[in-house]
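Below is one structure; the comments refer to it alone.
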Amino acid sequence: EPYAVEVDGISAALSWTGSELSFTMPALSVKDVNVHVLWQGLSERSTFLFSVFADPTVTSVHPDTLSTGVSTVVDVFGSGFGAFVDSCWYGGNVVVGEVVSDRLLRCPIVSGTVGVINVQVGNKEGVQSRGGVVGVTVSDPINVDFLQPSRGPTSGGLVTVFGNNFARSSLLSCRAGDAEMLGSYVSSSTMMCLLPARIAGNVSVEASNNGVDFSESGVRFEVADVQVYDLVPSQGSARGGYSVQAFVSGSSVLTGSVYCRFGDLTVAAATSETDGFSCKVPTSD
């Protein structure tokens, strides 16, 4: 049986069960060291190489907001990642990740519990290195119920999104078709997004608390090309003071007050009995 273990020339406390040898590693610098096992009754010793690595550190996780039941690939930033540190530990679970560099480890994480989970790194054998721990918030999946307005012009505009489980997160986002934009948090059931200009048609608008995992609610937004296609009359006196009828395509997306602009002068428009708006030409001074 073994009677001594030397690690890099340092004697280590040992335990022998008759078939399994355990010993306590001394504190060492980062390097490869020789471990010698001395056996009673034998002049030869067993020698093997042991690699000592620095405790990794975790400084941040992106995204730092997740949804229950959704597998999200997160980027874990820190130091000391590599062959011996290739796994993420969270909530008692371990998953082998992708070592992108010694400062970036990418791991798929899925949690079934709402709350905060601590993310740390180590290896899949269960030897955790606790050089750093970062908390990640897990919430119920986000959902979109309806939009206000639900229609708008091709020039884009501000839309209020109603739903549930919105989080006050810096990554709170909307996606309209294939365009993504940051949203503004109002409450857990309301957020606002500035939709960009796009061609006419219908697009699906979804939301996300982390900019990665978007809802799949299927709520649609109608985009119409608003154009004035006729004016009656199309000409008149420079004195102004009379009304013209503006016939508009895509007017179904116009909500609230509508205005006409003559040069740099803007006047309120009234809905016409015909398919258009009535606007009074400003009088000249």
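The way I read the labels, and the way they are meant: chains A, B, ... in the order of the structure tokens, residue 1 as the first residue of every chain, and ligand 1 as the first ligand shown, with later ones counted on from there.
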
Need the shell around A:Ala167: protein/DNA/RNA residues with any atom at most 8 Å away, counting only C-alpha atoms. Skip same-chain ones fewer than 3 positions apart. Format as a PDB file with all heavy atoms, in the first residue's frame?
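File written: selection.pdb
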ATOM      1  N   LEU A 172     -34.735  44.635 -23.203  1.00  0.00           N
ATOM      2  CA  LEU A 172     -36.137  44.529 -23.612  1.00  0.00           C
ATOM      3  C   LEU A 172     -36.265  44.975 -25.068  1.00  0.00           C
ATOM      4  O   LEU A 172     -35.822  46.070 -25.433  1.00  0.00           O
ATOM      5  CB  LEU A 172     -36.999  45.398 -22.704  1.00  0.00           C
ATOM      6  CG  LEU A 172     -38.509  45.346 -22.924  1.00  0.00           C
ATOM      7  CD1 LEU A 172     -39.062  43.970 -22.582  1.00  0.00           C
ATOM      8  CD2 LEU A 172     -39.200  46.413 -22.071  1.00  0.00           C
ATOM      9  N   TYR A 185     -39.738  50.052 -21.329  1.00  0.00           N
ATOM     10  CA  TYR A 185     -40.573  49.401 -20.322  1.00  0.00           C
ATOM     11  C   TYR A 185     -41.558  50.401 -19.729  1.00  0.00           C
ATOM     12  O   TYR A 185     -41.179  51.513 -19.348  1.00  0.00           O
ATOM     13  CB  TYR A 185     -39.679  48.818 -19.227  1.00  0.00           C
ATOM     14  CG  TYR A 185     -40.422  48.149 -18.104  1.00  0.00           C
ATOM     15  CD1 TYR A 185     -40.789  46.811 -18.177  1.00  0.00           C
ATOM     16  CD2 TYR A 185     -40.745  48.864 -16.951  1.00  0.00           C
ATOM     17  CE1 TYR A 185     -41.461  46.193 -17.135  1.00  0.00           C
ATOM     18  CE2 TYR A 185     -41.423  48.249 -15.902  1.00  0.00           C
ATOM     19  CZ  TYR A 185     -41.783  46.918 -16.002  1.00  0.00           C
ATOM     20  OH  TYR A 185     -42.446  46.313 -14.964  1.00  0.00           O
ATOM     21  N   SER A 187     -44.673  48.820 -17.913  1.00  0.00           N
ATOM     22  CA  SER A 187     -45.091  47.979 -16.796  1.00  0.00           C
ATOM     23  C   SER A 187     -44.894  46.524 -17.226  1.00  0.00           C
ATOM     24  O   SER A 187     -44.465  46.243 -18.346  1.00  0.00           O
ATOM     25  CB  SER A 187     -46.553  48.240 -16.421  1.00  0.00           C
ATOM     26  OG  SER A 187     -47.422  47.751 -17.434  1.00  0.00           O
ATOM     27  N   SER A 188     -45.230  45.603 -16.336  1.00  0.00           N
ATOM     28  CA  SER A 188     -45.069  44.185 -16.666  1.00  0.00           C
ATOM     29  C   SER A 188     -46.014  43.739 -17.772  1.00  0.00           C
ATOM     30  O   SER A 188     -45.860  42.654 -18.333  1.00  0.00           O
ATOM     31  CB  SER A 188     -45.292  43.327 -15.422  1.00  0.00           C
ATOM     32  OG  SER A 188     -46.623  43.492 -14.940  1.00  0.00           O
ATOM     33  N   ASN A 209     -37.454  39.777 -23.525  1.00  0.00           N
ATOM     34  CA  ASN A 209     -36.845  40.409 -22.359  1.00  0.00           C
ATOM     35  C   ASN A 209     -35.329  40.456 -22.452  1.00  0.00           C
ATOM     36  O   ASN A 209     -34.684  41.195 -21.704  1.00  0.00           O
ATOM     37  CB  ASN A 209     -37.236  39.657 -21.081  1.00  0.00           C
ATOM     38  CG  ASN A 209     -38.645  40.000 -20.613  1.00  0.00           C
ATOM     39  OD1 ASN A 209     -39.121  41.114 -20.819  1.00  0.00           O
ATOM     40  ND2 ASN A 209     -39.315  39.049 -19.981  1.00  0.00           N
TER      41      ASN A 209
END

Using only C-alpha atoms, I'd like a table of the residues in stretch 32-97 of chain A that come within 6 Å of stretch 130-145 of chain A; for each, show the closest atom pair and its distance in Å rounded to one decimal, ordered by chain and ascending number, as JSON lines.
{"residue": "A:Asp55", "atom": "CA", "partner": "A:Gly131", "partner_atom": "CA", "distance": 5.2}
{"residue": "A:Pro56", "atom": "CA", "partner": "A:Gly131", "partner_atom": "CA", "distance": 5.1}
{"residue": "A:Thr57", "atom": "CA", "partner": "A:Gly131", "partner_atom": "CA", "distance": 4.4}
{"residue": "A:Val58", "atom": "CA", "partner": "A:Gly132", "partner_atom": "CA", "distance": 4.6}
{"residue": "A:Asp64", "atom": "CA", "partner": "A:Val136", "partner_atom": "CA", "distance": 4.9}
{"residue": "A:Thr65", "atom": "CA", "partner": "A:Thr137", "partner_atom": "CA", "distance": 4.9}
{"residue": "A:Leu66", "atom": "CA", "partner": "A:Val138", "partner_atom": "CA", "distance": 4.7}
{"residue": "A:Ser67", "atom": "CA", "partner": "A:Pro141", "partner_atom": "CA", "distance": 5.0}
{"residue": "A:Thr68", "atom": "CA", "partner": "A:Asp140", "partner_atom": "CA", "distance": 5.4}

Write out, as a compact mmCIF listing (two decimals), in the first residue's frame, the residues just selected, with all heavy atoms.
# COMPACT_ATOMS: atom_id res chain seq x y z
N ASP A 55 -7.85 29.36 -10.77
CA ASP A 55 -9.30 29.45 -10.62
C ASP A 55 -9.84 30.42 -11.66
O ASP A 55 -9.38 31.56 -11.76
CB ASP A 55 -9.67 29.96 -9.23
CG ASP A 55 -9.57 28.87 -8.19
OD1 ASP A 55 -9.43 27.70 -8.57
OD2 ASP A 55 -9.63 29.21 -6.99
N PRO A 56 -10.83 29.97 -12.45
CA PRO A 56 -11.42 30.90 -13.43
C PRO A 56 -12.27 31.96 -12.72
O PRO A 56 -12.73 31.75 -11.60
CB PRO A 56 -12.28 29.99 -14.31
CG PRO A 56 -12.68 28.88 -13.39
CD PRO A 56 -11.51 28.66 -12.48
N THR A 57 -12.47 33.06 -13.39
CA THR A 57 -13.33 34.10 -12.86
C THR A 57 -14.48 34.33 -13.84
O THR A 57 -14.30 34.22 -15.05
CB THR A 57 -12.57 35.42 -12.65
OG1 THR A 57 -12.04 35.85 -13.90
CG2 THR A 57 -11.45 35.24 -11.66
N VAL A 58 -15.64 34.62 -13.31
CA VAL A 58 -16.80 34.98 -14.13
C VAL A 58 -17.15 36.42 -13.80
O VAL A 58 -17.39 36.77 -12.65
CB VAL A 58 -18.01 34.06 -13.83
CG1 VAL A 58 -19.22 34.50 -14.64
CG2 VAL A 58 -17.66 32.61 -14.14
N ASP A 64 -28.50 38.32 -19.49
CA ASP A 64 -28.61 38.06 -18.05
C ASP A 64 -30.06 37.92 -17.61
O ASP A 64 -30.35 37.92 -16.41
CB ASP A 64 -27.92 39.14 -17.24
CG ASP A 64 -28.48 40.54 -17.50
OD1 ASP A 64 -29.46 40.65 -18.27
OD2 ASP A 64 -27.94 41.50 -16.93
N THR A 65 -30.98 37.81 -18.57
CA THR A 65 -32.39 37.57 -18.29
C THR A 65 -32.86 36.40 -19.16
O THR A 65 -32.68 36.44 -20.38
CB THR A 65 -33.25 38.81 -18.61
OG1 THR A 65 -32.78 39.92 -17.83
CG2 THR A 65 -34.71 38.56 -18.28
N LEU A 66 -33.42 35.37 -18.54
CA LEU A 66 -33.85 34.18 -19.27
C LEU A 66 -35.33 33.92 -19.01
O LEU A 66 -35.93 34.50 -18.11
CB LEU A 66 -33.02 32.96 -18.83
CG LEU A 66 -31.50 33.10 -18.89
CD1 LEU A 66 -30.84 31.82 -18.38
CD2 LEU A 66 -31.03 33.41 -20.30
N SER A 67 -35.90 33.01 -19.82
CA SER A 67 -37.30 32.60 -19.65
C SER A 67 -37.35 31.14 -19.25
O SER A 67 -36.56 30.32 -19.73
CB SER A 67 -38.07 32.81 -20.96
OG SER A 67 -38.12 34.17 -21.32
N THR A 68 -38.30 30.80 -18.38
CA THR A 68 -38.43 29.42 -17.93
C THR A 68 -38.76 28.49 -19.11
O THR A 68 -39.54 28.85 -20.00
CB THR A 68 -39.53 29.28 -16.87
OG1 THR A 68 -40.76 29.79 -17.41
CG2 THR A 68 -39.18 30.04 -15.61

Nearest residue to A:Met192 out of A:Ser251, A:Gln148, A:Ser71, A:Asn210, using only C-alpha atoms?
A:Gln148

Choose the residue, out of A:Asn118, A:Ala224, A:Cys107, A:Thr113, that has the smallest atom-to-atom separation from A:Arg151; count only C-alpha atoms.
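Result for the nearest residue to A:Arg151: A:Ala224.
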
Residues flagged strand (DSSP E) by DSSP in stretch 21-103 of chain A, as a ChimeraX atom specification:
/A:21-23,31-39,45-52,57-62,65-67,72-79,87-90,93-96,98-101

Would you list the contacts of A:Thr72 as a list in words, taking every protein, DNA or RNA residue within 7 Å and counting only C-alpha atoms, but skipping same-chain residues closer than 4 positions in sequence?
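Everything that qualifies: Pro108, Ile109 and Val110 of chain A.
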